[in-house]
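> Compact mmCIF, C-alpha atoms, saved as data_0.txt, coming up:
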```
# COMPACT_ATOMS: atom_id res chain seq x y z
CA MET A 8 3.58 15.04 40.59
CA ALA A 9 0.57 12.77 40.12
CA ARG A 10 0.19 11.18 36.70
CA PRO A 11 -2.85 12.66 34.82
CA THR A 12 -5.73 10.19 34.57
CA PRO A 13 -6.94 9.50 31.01
CA PRO A 14 -10.67 9.57 30.19
CA THR A 15 -12.55 6.37 30.99
CA ALA A 16 -14.60 4.16 28.68
CA ARG A 17 -17.02 1.75 30.37
CA VAL A 18 -17.72 -1.36 28.29
CA SER A 19 -20.24 -4.18 28.49
CA LEU A 20 -19.50 -7.44 30.26
CA LYS A 21 -19.42 -9.17 26.87
CA GLY A 22 -16.98 -6.59 25.55
CA ALA A 23 -14.75 -6.82 28.62
CA LYS A 24 -14.60 -10.62 28.32
CA ALA A 25 -13.61 -10.39 24.65
CA LEU A 26 -10.85 -7.87 25.38
CA ARG A 27 -9.51 -9.98 28.24
CA LYS A 28 -9.49 -13.09 26.03
CA GLY A 29 -7.21 -11.45 23.49
CA ASN A 30 -9.42 -9.73 20.91
CA PRO A 31 -8.16 -6.11 20.91
CA TRP A 32 -11.23 -4.68 19.14
CA LEU A 33 -14.40 -3.38 20.71
CA TYR A 34 -17.27 -2.09 18.61
CA ARG A 35 -19.40 0.87 19.65
CA THR A 36 -22.37 -1.41 20.31
CA GLU A 37 -20.47 -2.78 23.35
CA LEU A 38 -19.67 0.69 24.74
CA LEU A 39 -21.84 1.45 27.79
CA GLU A 40 -20.36 4.87 28.56
CA PRO A 41 -18.10 6.62 26.03
CA PRO A 42 -15.11 8.53 27.39
CA GLN A 43 -15.64 12.24 28.00
CA THR A 44 -13.17 13.54 25.44
CA GLU A 45 -13.24 15.30 22.08
CA GLU A 46 -9.58 14.51 21.34
CA ARG A 47 -9.12 12.49 18.17
CA GLY A 48 -7.43 9.13 18.74
CA ALA A 49 -7.21 9.68 22.49
CA VAL A 50 -5.75 7.04 24.77
CA VAL A 51 -8.46 6.08 27.27
CA SER A 52 -8.76 3.85 30.30
CA VAL A 53 -11.12 0.90 29.77
CA VAL A 54 -13.20 -0.56 32.61
CA ASP A 55 -15.93 -3.22 32.84
CA PRO A 56 -19.50 -2.51 34.09
CA GLN A 57 -18.31 -2.79 37.72
CA GLY A 58 -15.43 -0.37 37.15
CA ASN A 59 -12.69 -3.04 37.18
CA PRO A 60 -9.78 -2.14 34.90
CA VAL A 61 -9.53 -3.89 31.52
CA GLY A 62 -6.64 -1.89 30.06
CA GLN A 63 -5.99 1.14 27.86
CA ALA A 64 -7.01 1.72 24.27
CA PHE A 65 -7.17 4.15 21.39
CA TYR A 66 -10.64 5.69 21.22
CA ALA A 67 -12.15 6.63 17.84
CA GLN A 68 -14.69 9.43 17.72
CA ARG A 69 -16.43 8.24 14.53
CA SER A 70 -15.54 4.65 13.72
CA PRO A 71 -17.95 1.78 14.47
CA LEU A 72 -14.82 0.17 15.95
CA ALA A 73 -14.66 2.42 19.01
CA LEU A 74 -11.75 0.93 20.95
CA ARG A 75 -8.46 -0.70 19.95
CA LEU A 76 -6.69 -2.12 22.99
CA LEU A 77 -3.06 -1.11 23.52
CA THR A 78 -2.29 -2.73 26.85
CA ARG A 79 -4.09 -4.73 29.50
CA LYS A 80 -2.42 -2.66 32.21
CA SER A 81 -4.24 0.22 33.89
CA PRO A 82 -2.97 3.84 33.76
CA ALA A 83 -1.62 3.37 37.28
CA GLU A 84 0.54 0.47 36.07
CA GLU A 85 1.71 1.76 32.68
CA LYS A 86 1.74 5.12 30.92
CA VAL A 87 0.85 5.10 27.23
CA ASP A 88 2.89 7.89 25.67
CA GLU A 89 5.50 8.39 22.94
CA ALA A 90 8.08 6.38 24.89
CA PHE A 91 5.57 3.50 25.11
CA LEU A 92 4.88 3.59 21.35
CA ARG A 93 8.56 3.96 20.48
CA HIS A 94 9.34 0.81 22.49
CA ARG A 95 6.58 -1.04 20.62
CA LEU A 96 8.13 0.09 17.31
CA GLU A 97 11.57 -1.08 18.43
CA LEU A 98 10.18 -4.50 19.37
CA SER A 99 8.42 -4.80 16.01
CA LEU A 100 11.64 -4.04 14.14
CA ALA A 101 13.57 -6.51 16.31
CA ARG A 102 11.10 -9.29 15.42
CA ARG A 103 12.19 -8.96 11.78
CA ALA A 104 15.83 -9.67 12.64
CA PRO A 105 15.65 -13.20 11.15
CA LEU A 106 14.68 -11.54 7.84
CA ARG A 107 17.47 -8.98 7.89
CA GLN A 108 18.76 -10.21 4.51
CA ARG A 109 15.56 -9.01 2.83
CA ASP A 110 15.35 -5.51 1.39
CA GLY A 111 11.58 -5.81 0.97
CA VAL A 112 9.84 -6.60 4.26
CA ARG A 113 6.87 -5.59 6.42
CA LEU A 114 8.24 -3.91 9.53
CA VAL A 115 4.97 -3.30 11.41
CA HIS A 116 1.83 -5.42 11.03
CA GLY A 117 -0.83 -3.56 12.96
CA GLU A 118 -2.60 -5.36 15.77
CA ALA A 119 -0.35 -8.41 15.41
CA ASP A 120 2.59 -6.23 16.53
CA LEU A 121 0.45 -4.56 19.21
CA LEU A 122 0.41 -1.31 17.22
CA PRO A 123 -3.28 -1.21 16.23
CA GLY A 124 -3.99 0.25 12.83
CA LEU A 125 -0.34 0.84 11.82
CA PHE A 126 1.26 -0.93 8.85
CA VAL A 127 4.77 -0.23 7.59
CA ASP A 128 6.60 -1.81 4.64
CA ARG A 129 10.26 -1.35 3.77
CA TYR A 130 11.53 -1.23 0.20
CA GLY A 131 15.26 -0.61 0.26
CA ALA A 132 15.79 2.85 1.75
CA GLY A 133 12.09 3.75 1.52
CA LEU A 134 9.26 3.13 3.97
CA SER A 135 5.57 3.03 3.10
CA LEU A 136 3.29 3.77 6.05
CA GLN A 137 -0.45 3.16 6.30
CA THR A 138 -2.77 3.99 9.21
CA LEU A 139 -6.19 2.37 9.57
CA SER A 140 -7.14 3.67 13.03
CA GLU A 141 -7.82 7.15 14.31
CA GLY A 142 -5.26 6.68 17.06
CA MET A 143 -2.46 6.05 14.59
CA ASP A 144 -3.73 8.53 12.03
CA VAL A 145 -3.24 11.50 14.38
CA ARG A 146 0.25 10.24 15.31
CA LYS A 147 1.58 9.36 11.85
CA GLU A 148 3.85 12.39 11.54
CA TRP A 149 5.56 11.38 14.80
CA VAL A 150 5.63 7.73 13.71
CA ALA A 151 7.32 8.70 10.43
CA ARG A 152 10.02 10.72 12.21
CA THR A 153 10.63 7.93 14.70
CA LEU A 154 10.83 5.22 12.05
CA ALA A 155 13.23 7.29 9.96
CA GLU A 156 15.43 7.62 13.03
CA LEU A 157 15.23 3.92 13.92
CA THR A 158 15.75 2.55 10.40
CA GLY A 159 17.80 5.22 8.62
CA ALA A 160 15.19 5.38 5.84
CA SER A 161 15.61 8.24 3.38
CA HIS A 162 11.87 8.49 2.64
CA VAL A 163 8.66 7.71 4.53
CA VAL A 164 5.53 7.81 2.39
CA CYS A 165 2.00 7.97 3.79
CA ARG A 166 -0.26 5.64 1.76
CA ASP A 167 -3.52 6.41 3.50
CA ASP A 168 -5.70 5.86 0.45
CA ALA A 169 -7.12 2.44 1.37
CA SER A 170 -10.87 1.84 1.44
CA GLY A 171 -10.61 0.73 5.06
CA ARG A 172 -10.26 4.38 6.03
CA ASP A 173 -13.82 5.03 4.82
CA PHE A 174 -15.09 2.58 7.45
CA GLU A 175 -13.07 4.44 10.09
CA GLY A 176 -14.40 7.83 9.00
CA LEU A 177 -10.91 8.96 7.95
CA THR A 178 -10.06 10.93 4.82
CA ARG A 179 -7.87 9.35 2.15
CA GLU A 180 -4.51 10.86 1.31
CA VAL A 181 -1.08 10.09 -0.15
CA LYS A 182 1.88 12.26 0.80
CA LEU A 183 5.54 12.29 1.70
CA LEU A 184 6.08 12.42 5.46
CA HIS A 185 9.88 12.30 5.41
CA GLY A 186 12.43 12.92 2.65
CA GLN A 187 12.39 14.82 -0.61
CA GLY A 188 11.84 14.15 -4.31
CA GLU A 189 10.67 10.92 -5.93
CA ALA A 190 10.03 7.80 -3.87
CA ARG A 191 11.12 5.06 -6.28
CA PHE A 192 12.98 2.14 -4.80
CA SER A 193 14.13 -1.35 -5.71
CA TYR A 194 13.84 -4.56 -3.70
CA HIS A 195 14.29 -8.29 -4.25
CA GLU A 196 12.01 -11.30 -4.14
CA GLY A 197 14.44 -14.17 -4.12
CA GLU A 198 16.79 -13.48 -7.03
CA ASN A 199 14.32 -11.21 -8.88
CA LEU A 200 14.69 -7.42 -8.68
CA PHE A 201 11.55 -5.25 -8.59
CA GLU A 202 10.97 -1.50 -8.68
CA VAL A 203 8.19 0.31 -6.81
CA ASP A 204 6.91 3.87 -6.77
CA LEU A 205 5.73 4.38 -3.20
CA LEU A 206 3.76 7.50 -4.12
CA GLY A 207 2.12 6.10 -7.23
CA ASP A 208 1.68 2.33 -7.03
CA MET A 209 -1.19 0.43 -5.39
CA LYS A 210 -1.45 -0.40 -1.71
CA THR A 211 1.86 0.26 0.06
CA GLY A 212 3.80 -0.31 -3.17
CA ALA A 213 3.75 -4.09 -3.58
CA PHE A 214 2.28 -7.21 -1.98
CA LEU A 215 5.01 -8.33 0.40
CA ASP A 216 2.67 -10.79 2.11
CA GLN A 217 2.97 -13.01 -0.99
CA VAL A 218 6.77 -13.02 -1.32
CA ASP A 219 7.26 -16.47 0.23
CA ASN A 220 4.39 -17.85 -1.86
CA HIS A 221 5.92 -16.38 -5.01
CA VAL A 222 9.18 -18.18 -4.28
CA ARG A 223 7.44 -21.46 -3.41
CA ALA A 224 5.34 -21.37 -6.58
CA GLY A 225 8.53 -20.92 -8.58
CA GLU A 226 9.95 -24.06 -7.00
CA LEU A 227 6.93 -26.20 -7.95
CA ALA A 228 5.94 -24.73 -11.32
CA ARG A 229 6.68 -26.28 -14.72
CA GLY A 230 5.72 -26.21 -18.39
CA GLU A 231 3.48 -23.42 -19.64
CA GLY A 232 2.47 -20.98 -16.89
CA LEU A 233 -0.43 -18.54 -16.52
CA ASP A 234 -0.38 -15.81 -13.87
CA LEU A 235 -3.73 -14.06 -13.40
CA PHE A 236 -4.03 -10.68 -11.64
CA SER A 237 -0.26 -10.41 -12.00
CA TYR A 238 0.16 -6.78 -10.81
CA HIS A 239 3.96 -6.18 -11.06
CA GLY A 240 4.70 -9.79 -12.00
CA GLY A 241 5.62 -11.29 -8.61
CA PHE A 242 4.29 -14.75 -9.37
CA ALA A 243 5.10 -14.52 -13.08
CA LEU A 244 8.80 -13.83 -12.57
CA ALA A 245 9.02 -16.58 -9.95
CA LEU A 246 7.35 -19.06 -12.33
CA SER A 247 9.67 -18.05 -15.16
CA ARG A 248 12.62 -19.72 -13.42
CA THR A 249 11.11 -23.19 -13.89
CA CYS A 250 8.43 -22.74 -16.58
CA ASP A 251 9.14 -22.80 -20.32
CA SER A 252 6.88 -19.79 -20.80
CA VAL A 253 4.65 -17.58 -18.63
CA LEU A 254 1.68 -15.44 -19.63
CA ALA A 255 1.00 -12.72 -17.06
CA VAL A 256 -2.47 -11.12 -17.17
CA GLU A 257 -3.06 -7.73 -15.51
CA GLN A 258 -5.98 -5.38 -16.09
CA ASP A 259 -4.34 -2.18 -14.83
CA ALA A 260 -2.34 -0.65 -17.69
CA LYS A 261 0.24 1.00 -15.43
CA ALA A 262 0.83 -2.23 -13.49
CA SER A 263 1.14 -4.13 -16.78
CA GLU A 264 3.89 -1.80 -17.94
CA ARG A 265 5.69 -2.22 -14.62
CA ALA A 266 5.44 -6.03 -14.96
CA ARG A 267 6.98 -5.83 -18.45
CA ALA A 268 9.77 -3.62 -17.13
CA ASN A 269 10.44 -5.99 -14.24
CA ALA A 270 10.59 -8.96 -16.60
CA ALA A 271 13.04 -7.11 -18.86
CA ARG A 272 15.12 -5.92 -15.89
CA ASN A 273 15.62 -9.53 -14.81
CA GLY A 274 16.15 -10.95 -18.29
CA ARG A 275 12.97 -13.04 -18.14
CA THR A 276 12.44 -13.26 -21.90
CA ASN A 277 9.98 -16.14 -21.46
CA VAL A 278 7.43 -13.83 -19.75
CA THR A 279 4.68 -12.19 -21.82
CA VAL A 280 2.38 -9.61 -20.22
CA GLU A 281 -1.19 -9.14 -21.47
CA ASN A 282 -3.19 -6.10 -20.35
CA ALA A 283 -6.63 -7.69 -19.97
CA ASN A 284 -9.41 -8.75 -17.60
CA ALA A 285 -8.63 -12.13 -15.98
CA PHE A 286 -12.26 -13.31 -16.10
CA ASP A 287 -12.41 -12.59 -19.84
CA VAL A 288 -9.08 -14.30 -20.47
CA LEU A 289 -10.10 -17.43 -18.59
CA ARG A 290 -13.40 -17.54 -20.45
CA ARG A 291 -11.55 -17.22 -23.77
CA PHE A 292 -9.10 -19.98 -22.91
CA SER A 293 -11.89 -22.22 -21.65
CA GLU A 294 -13.79 -21.85 -24.91
CA SER A 295 -10.70 -22.20 -27.14
CA GLY A 296 -9.33 -25.21 -25.30
CA ARG A 297 -6.00 -23.58 -24.40
CA ARG A 298 -4.31 -25.45 -21.56
CA PHE A 299 -1.48 -24.74 -19.11
CA ASP A 300 0.70 -26.74 -16.71
CA THR A 301 0.72 -24.08 -13.97
CA VAL A 302 -2.00 -21.51 -13.21
CA VAL A 303 -1.93 -18.83 -10.52
CA VAL A 304 -5.14 -17.08 -9.42
CA ASP A 305 -4.38 -14.17 -7.08
CA PRO A 306 -7.24 -11.64 -7.27
CA PRO A 307 -7.62 -8.52 -5.13
CA GLY A 308 -9.86 -8.84 -2.08
CA LEU A 309 -13.33 -9.68 -3.43
CA ALA A 310 -15.11 -9.53 -0.04
CA LYS A 311 -14.53 -6.17 1.64
CA ARG A 312 -17.49 -6.60 4.00
CA ARG A 313 -19.28 -9.63 5.42
CA GLU A 314 -22.50 -8.73 3.61
CA GLY A 315 -20.71 -9.14 0.27
CA LEU A 316 -19.32 -12.58 1.07
CA ALA A 317 -21.87 -14.60 -0.94
CA THR A 318 -21.21 -12.56 -4.08
CA ALA A 319 -17.47 -12.85 -3.55
CA LEU A 320 -17.67 -16.62 -3.16
CA ARG A 321 -19.48 -16.90 -6.49
CA ALA A 322 -16.70 -14.89 -8.14
CA TYR A 323 -13.99 -17.02 -6.50
CA HIS A 324 -15.83 -20.15 -7.59
CA GLU A 325 -16.03 -19.01 -11.22
CA LEU A 326 -12.34 -18.08 -11.29
CA ASN A 327 -11.21 -21.37 -9.82
CA LEU A 328 -13.61 -23.46 -11.90
CA ARG A 329 -12.29 -21.95 -15.13
CA ALA A 330 -8.69 -22.13 -13.95
CA LEU A 331 -9.05 -25.82 -13.15
CA LYS A 332 -10.52 -26.45 -16.58
CA CYS A 333 -7.51 -24.73 -18.14
CA LEU A 334 -5.01 -27.05 -16.45
CA ARG A 335 -3.51 -30.13 -18.03
CA PRO A 336 -3.44 -33.37 -15.99
CA GLU A 337 -0.81 -33.19 -13.23
CA GLY A 338 -0.97 -29.40 -13.49
CA LEU A 339 -0.47 -27.04 -10.55
CA LEU A 340 -3.06 -24.50 -9.38
CA VAL A 341 -1.94 -21.79 -6.95
CA THR A 342 -5.11 -20.08 -5.76
CA CYS A 343 -5.24 -17.21 -3.30
CA SER A 344 -7.62 -14.98 -1.39
CA CYS A 345 -6.77 -11.88 0.64
CA SER A 346 -10.38 -11.37 1.78
CA GLY A 347 -10.25 -11.25 5.58
CA LYS A 348 -13.97 -11.99 5.88
CA LEU A 349 -13.54 -15.29 4.04
CA THR A 350 -12.36 -18.01 6.40
CA ARG A 351 -9.74 -20.57 5.46
CA GLU A 352 -12.35 -23.33 5.81
CA ALA A 353 -14.83 -21.57 3.50
CA PHE A 354 -12.10 -20.91 0.94
CA GLU A 355 -11.06 -24.57 0.90
CA GLU A 356 -14.69 -25.65 0.58
CA MET A 357 -15.04 -23.33 -2.42
CA VAL A 358 -11.90 -24.73 -4.08
CA LEU A 359 -13.10 -28.31 -3.63
CA SER A 360 -16.56 -27.38 -4.93
CA ALA A 361 -14.99 -25.82 -8.02
CA ALA A 362 -12.88 -28.96 -8.54
CA SER A 363 -15.99 -31.12 -8.26
CA ASP A 364 -17.89 -28.97 -10.76
CA ALA A 365 -14.89 -29.10 -13.11
CA LYS A 366 -14.83 -32.89 -12.68
CA ARG A 367 -11.14 -32.76 -11.81
CA PRO A 368 -9.78 -34.85 -8.90
CA VAL A 369 -7.22 -32.82 -6.98
CA GLN A 370 -4.53 -33.10 -4.33
CA ILE A 371 -4.07 -30.28 -1.82
CA LEU A 372 -0.30 -29.99 -1.65
CA GLU A 373 0.02 -27.05 0.74
CA ARG A 374 -2.17 -24.66 2.69
CA ARG A 375 -0.19 -21.46 3.06
CA GLY A 376 -0.67 -17.91 4.27
CA ALA A 377 1.34 -14.73 4.59
CA GLY A 378 5.05 -14.69 5.38
CA LEU A 379 6.81 -14.41 8.74
CA ASP A 380 6.76 -10.62 8.56
CA HIS A 381 2.92 -10.70 8.47
CA PRO A 382 2.17 -12.58 11.73
CA VAL A 383 -1.28 -13.56 12.97
CA LEU A 384 -2.46 -12.26 16.34
CA GLY A 385 -4.02 -14.97 18.49
CA GLY A 386 -7.59 -13.98 19.34
CA LEU A 387 -8.07 -11.85 16.22
CA PRO A 388 -8.95 -14.10 13.24
CA GLU A 389 -9.05 -11.09 10.89
CA THR A 390 -5.23 -10.93 10.97
CA GLU A 391 -5.13 -14.31 9.17
CA TYR A 392 -6.53 -12.82 6.00
CA LEU A 393 -4.33 -14.36 3.28
CA LYS A 394 -4.99 -17.88 2.03
CA ALA A 395 -2.84 -19.56 -0.61
CA PHE A 396 -3.62 -23.14 -1.61
CA PHE A 397 -1.29 -25.19 -3.82
CA VAL A 398 -3.39 -27.80 -5.63
CA ARG A 399 -2.43 -30.52 -8.13
CA VAL A 400 -4.96 -31.63 -10.73
CA LEU A 401 -4.62 -35.41 -11.13
CA LEU A 402 -6.62 -36.13 -14.29
```
Rewrite the coordinates I just gave you, this time as structure tokens.


Amino acid sequence: MARPTPPTARVSLKGAKALRKGNPWLYRTELLEPPQTEERGAVVSVVDPQGNPVGQAFYAQRSPLALRLLTRKSPAEEKVDEAFLRHRLELSLARRAPLRQRDGVRLVHGEADLLPGLFVDRYGAGLSLQTLSEGMDVRKEWVARTLAELTGASHVVCRDDASGRDFEGLTREVKLLHGQGEARFSYHEGENLFEVDLLGDMKTGAFLDQVDNHVRAGELARGEGLDLFSYHGGFALALSRTCDSVLAVEQDAKASERARANAARNGRTNVTVENANAFDVLRRFSESGRRFDTVVVDPPGLAKRREGLATALRAYHELNLRALKCLRPEGLLVTCSCSGKLTREAFEEMVLSAASDAKRPVQILERRGAGLDHPVLGGLPETEYLKAFFVRVLL
């Protein structure tokens, strides 16, 4: 029996070149002829203006990002079905084999694992799943069942409440896709034990992309430490191993309570958690002359869209300027940005500008990013979203 032919999307020459060079995204502006289908998240054949095959992609009915490439093979060469997607999931899990000792790890990292718009984090026996594409959104029930089978997870939680879904024209929701009852689990970051509520906490539960940076900061920190935007205390607990004292600042009251509980759970009596706004705290310390030996600045993404980049840069500059002023000579600044629209070069330029304005000579010790379980896809700069700079203030 002949294999059914999927609908065809004809793209511009510019769009075809970009897809062939490795960028898996094609915006609607580069779509010459949309596929004749009303199916949500349909798999479509992609061709260039001359009808030459480019590959196959998820097609979104509403998103400005119309196509997300799945394979460069034509429908005649490869069928995109559940068996295809299951194999991609198996490969993604296999890539995490070197991290098998971790009980908190990202199992699927979207486009970088060739599963566009799908993100899956593991916390012990629980999985937190997030879909940011129409193609994955309509398949998430199947994905949850398949992942539960492949991993043995007791719970799979859908955390589709991210703002990125607004851009895709998708509704926000949080629900349990597999399992019953509460979805509270524990996981480790180095020797520290954390608890997450996959149905109630932010994002997918925690910020696993920072785990390696938490550990590294703990290795380099000393003296009095200050952790700004602490969330559940990832940096704070890491710093507490080598610092005499750590003040963790978190504006969200629920997250502050969780940070206190995590500190108590691990016996970190030298950690104090303050429920406050980090900008206000830095301003207060700057005016009072309070100084620290280690400061961490890890704010949420301040630039959601490119048009807000200038405003975000001003906010980053203020944070880093005040943080640098709060450091003693030879102090360590760990400064981070998870804004995908802010390039690594622009972030470094901002840090150096803040140091210049603070009149503090600095050494850049390390330029870091996300961990091994959050790989970057060549050809798609947006997957290199996390920047973490380790900076020493000399004078």

> Can you build me a table of range 179-252 of chain A residues sitting at most 12 Å from range 116-139 of chain A, with the closest atom pair per residue and its distance in Å to one decimal, using all atoms listed in the file, sorted by chain and residue number, as a Markdown table?


```
| residue | atom | partner | partner_atom | distance |
| --- | --- | --- | --- | --- |
| A:Arg179 | CA | A:Thr138 | CA | 10.2 |
| A:Glu180 | CA | A:Gln137 | CA | 10.0 |
| A:Val181 | CA | A:Gln137 | CA | 9.5 |
| A:Lys182 | CA | A:Leu136 | CA | 10.1 |
| A:Leu183 | CA | A:Ser135 | CA | 9.4 |
| A:Leu184 | CA | A:Leu136 | CA | 9.1 |
| A:His185 | CA | A:Leu134 | CA | 9.3 |
| A:Gly186 | CA | A:Gly133 | CA | 9.2 |
| A:Gln187 | CA | A:Gly133 | CA | 11.3 |
| A:Gly188 | CA | A:Gly133 | CA | 11.9 |
| A:Glu189 | CA | A:Gly133 | CA | 10.4 |
| A:Ala190 | CA | A:Gly133 | CA | 7.0 |
| A:Arg191 | CA | A:Gly133 | CA | 8.0 |
| A:Phe192 | CA | A:Gly131 | CA | 6.2 |
| A:Ser193 | CA | A:Gly131 | CA | 6.1 |
| A:Tyr194 | CA | A:Tyr130 | CA | 5.6 |
| A:His195 | CA | A:Tyr130 | CA | 8.8 |
| A:Glu196 | CA | A:Tyr130 | CA | 11.0 |
| A:Leu200 | CA | A:Gly131 | CA | 11.3 |
| A:Phe201 | CA | A:Tyr130 | CA | 9.7 |
| A:Glu202 | CA | A:Tyr130 | CA | 8.9 |
| A:Val203 | CA | A:Tyr130 | CA | 7.9 |
| A:Asp204 | CA | A:Gly133 | CA | 9.8 |
| A:Leu205 | CA | A:Ser135 | CA | 6.4 |
| A:Leu206 | CA | A:Ser135 | CA | 8.7 |
| A:Gly207 | CA | A:Ser135 | CA | 11.3 |
| A:Asp208 | CA | A:Ser135 | CA | 10.9 |
| A:Met209 | CA | A:Ser135 | CA | 11.2 |
| A:Lys210 | CA | A:Gln137 | CA | 8.8 |
| A:Thr211 | CA | A:Ser135 | CA | 5.5 |
| A:Gly212 | CA | A:Ser135 | CA | 7.3 |
| A:Ala213 | CA | A:Asp128 | CA | 9.0 |
| A:Phe214 | CA | A:Asp128 | CA | 9.6 |
| A:Leu215 | CA | A:Asp128 | CA | 7.9 |
| A:Asp216 | CA | A:Asp128 | CA | 10.1 |
```

> Between A:Glu389, A:Arg265, A:Gly62, A:Val51, single out the one closest to Ser81 in chain A, counting all atoms listed in the file.

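Of A:Glu389, A:Arg265, A:Gly62, A:Val51, the one nearest Ser81 in chain A, counting all atoms listed in the file, is A:Gly62.
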
> Counting all atoms listed in the file, what is within 10 Å of Thr178 in chain A, bar same-chain residues fewer than 3 positions away, as a PyMOL selection string?

chain A and resi 144+167-170+172-173+175

> Grab the residues selected above and save them as a tab-separated table (two decimals), keeping the file's coordinate frame with C-alpha atoms.


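This went into part-v7.tsv:
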```tsv
chain	number	residue	atom	x	y	z
A	144	ASP	CA	-3.73	8.53	12.03
A	167	ASP	CA	-3.52	6.41	3.50
A	168	ASP	CA	-5.70	5.86	0.45
A	169	ALA	CA	-7.12	2.44	1.37
A	170	SER	CA	-10.87	1.84	1.44
A	172	ARG	CA	-10.26	4.38	6.03
A	173	ASP	CA	-13.82	5.03	4.82
A	175	GLU	CA	-13.07	4.44	10.09
```

> So how far away is CA of Ala353 in chain A from CA of Arg35 in chain A, in Å?

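One can read the CA of Arg35 in chain A to CA of Ala353 in chain A distance as 28.0 Å.
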
> Using CA of Arg95 in chain A and CA of His381 in chain A as the two end points, give the distance in Å to one decimal.

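Between these atoms lies a distance of 15.9 Å.
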
> Which residues come within 8 Å of range 41-46 of chain A, counting all atoms listed in the file, excluding same-chain residues fewer than 3 positions away, as a list in words?

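So, after excluding close chain neighbours, the residues are Pro14, Thr15, Ala16, Arg17, Leu38, Ala49, Val51 and Gln68 of chain A.
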
> Could you check how far CA of Gly240 in chain A sits from CA of Ala266 in chain A, in Å to one decimal?

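These two atoms are separated by 4.8 Å.
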
> Skipping near chain neighbours, those fewer than 3 positions away, what residues fall within 7 Å of Ala228 in chain A using all atoms listed in the file, listed as a list in words?

Ala224, Gly225, Leu246, Thr249, Cys250, Thr301 and Leu339 of chain A

> For a quick check of understanding, using only C-alpha atoms, which of A:Arg69, A:Arg375, A:Arg93, A:Lys261 has the smallest distance to Val218 in chain A?

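Looking at the shortest contact to Val218 in chain A, the residue is A:Arg375.
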
> Using all atoms listed in the file, can you tell me which of A:Val61, A:Leu235, A:Val303, A:Val163 comes closest to Val280 in chain A?

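Closest to Val280 in chain A, using all atoms listed in the file: A:Leu235.
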
> From the set A:Trp149, A:Leu77, A:Phe397, A:Ala377, which residue has the shortest atom-to-atom contact distance to Glu226 in chain A, counting all atoms listed in the file?

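Checking each of A:Trp149, A:Leu77, A:Phe397, A:Ala377 against Glu226 in chain A, counting all atoms listed in the file, the winner is A:Phe397.
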
> Let me make sure I understand: among A:Asp259, A:Asp234, A:Asp251, A:Asp287, which one has the smallest atom-to-atom distance to Asp305 in chain A if we use only C-alpha atoms?

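Ranked by minimum distance to Asp305 in chain A, first place goes to A:Asp234.
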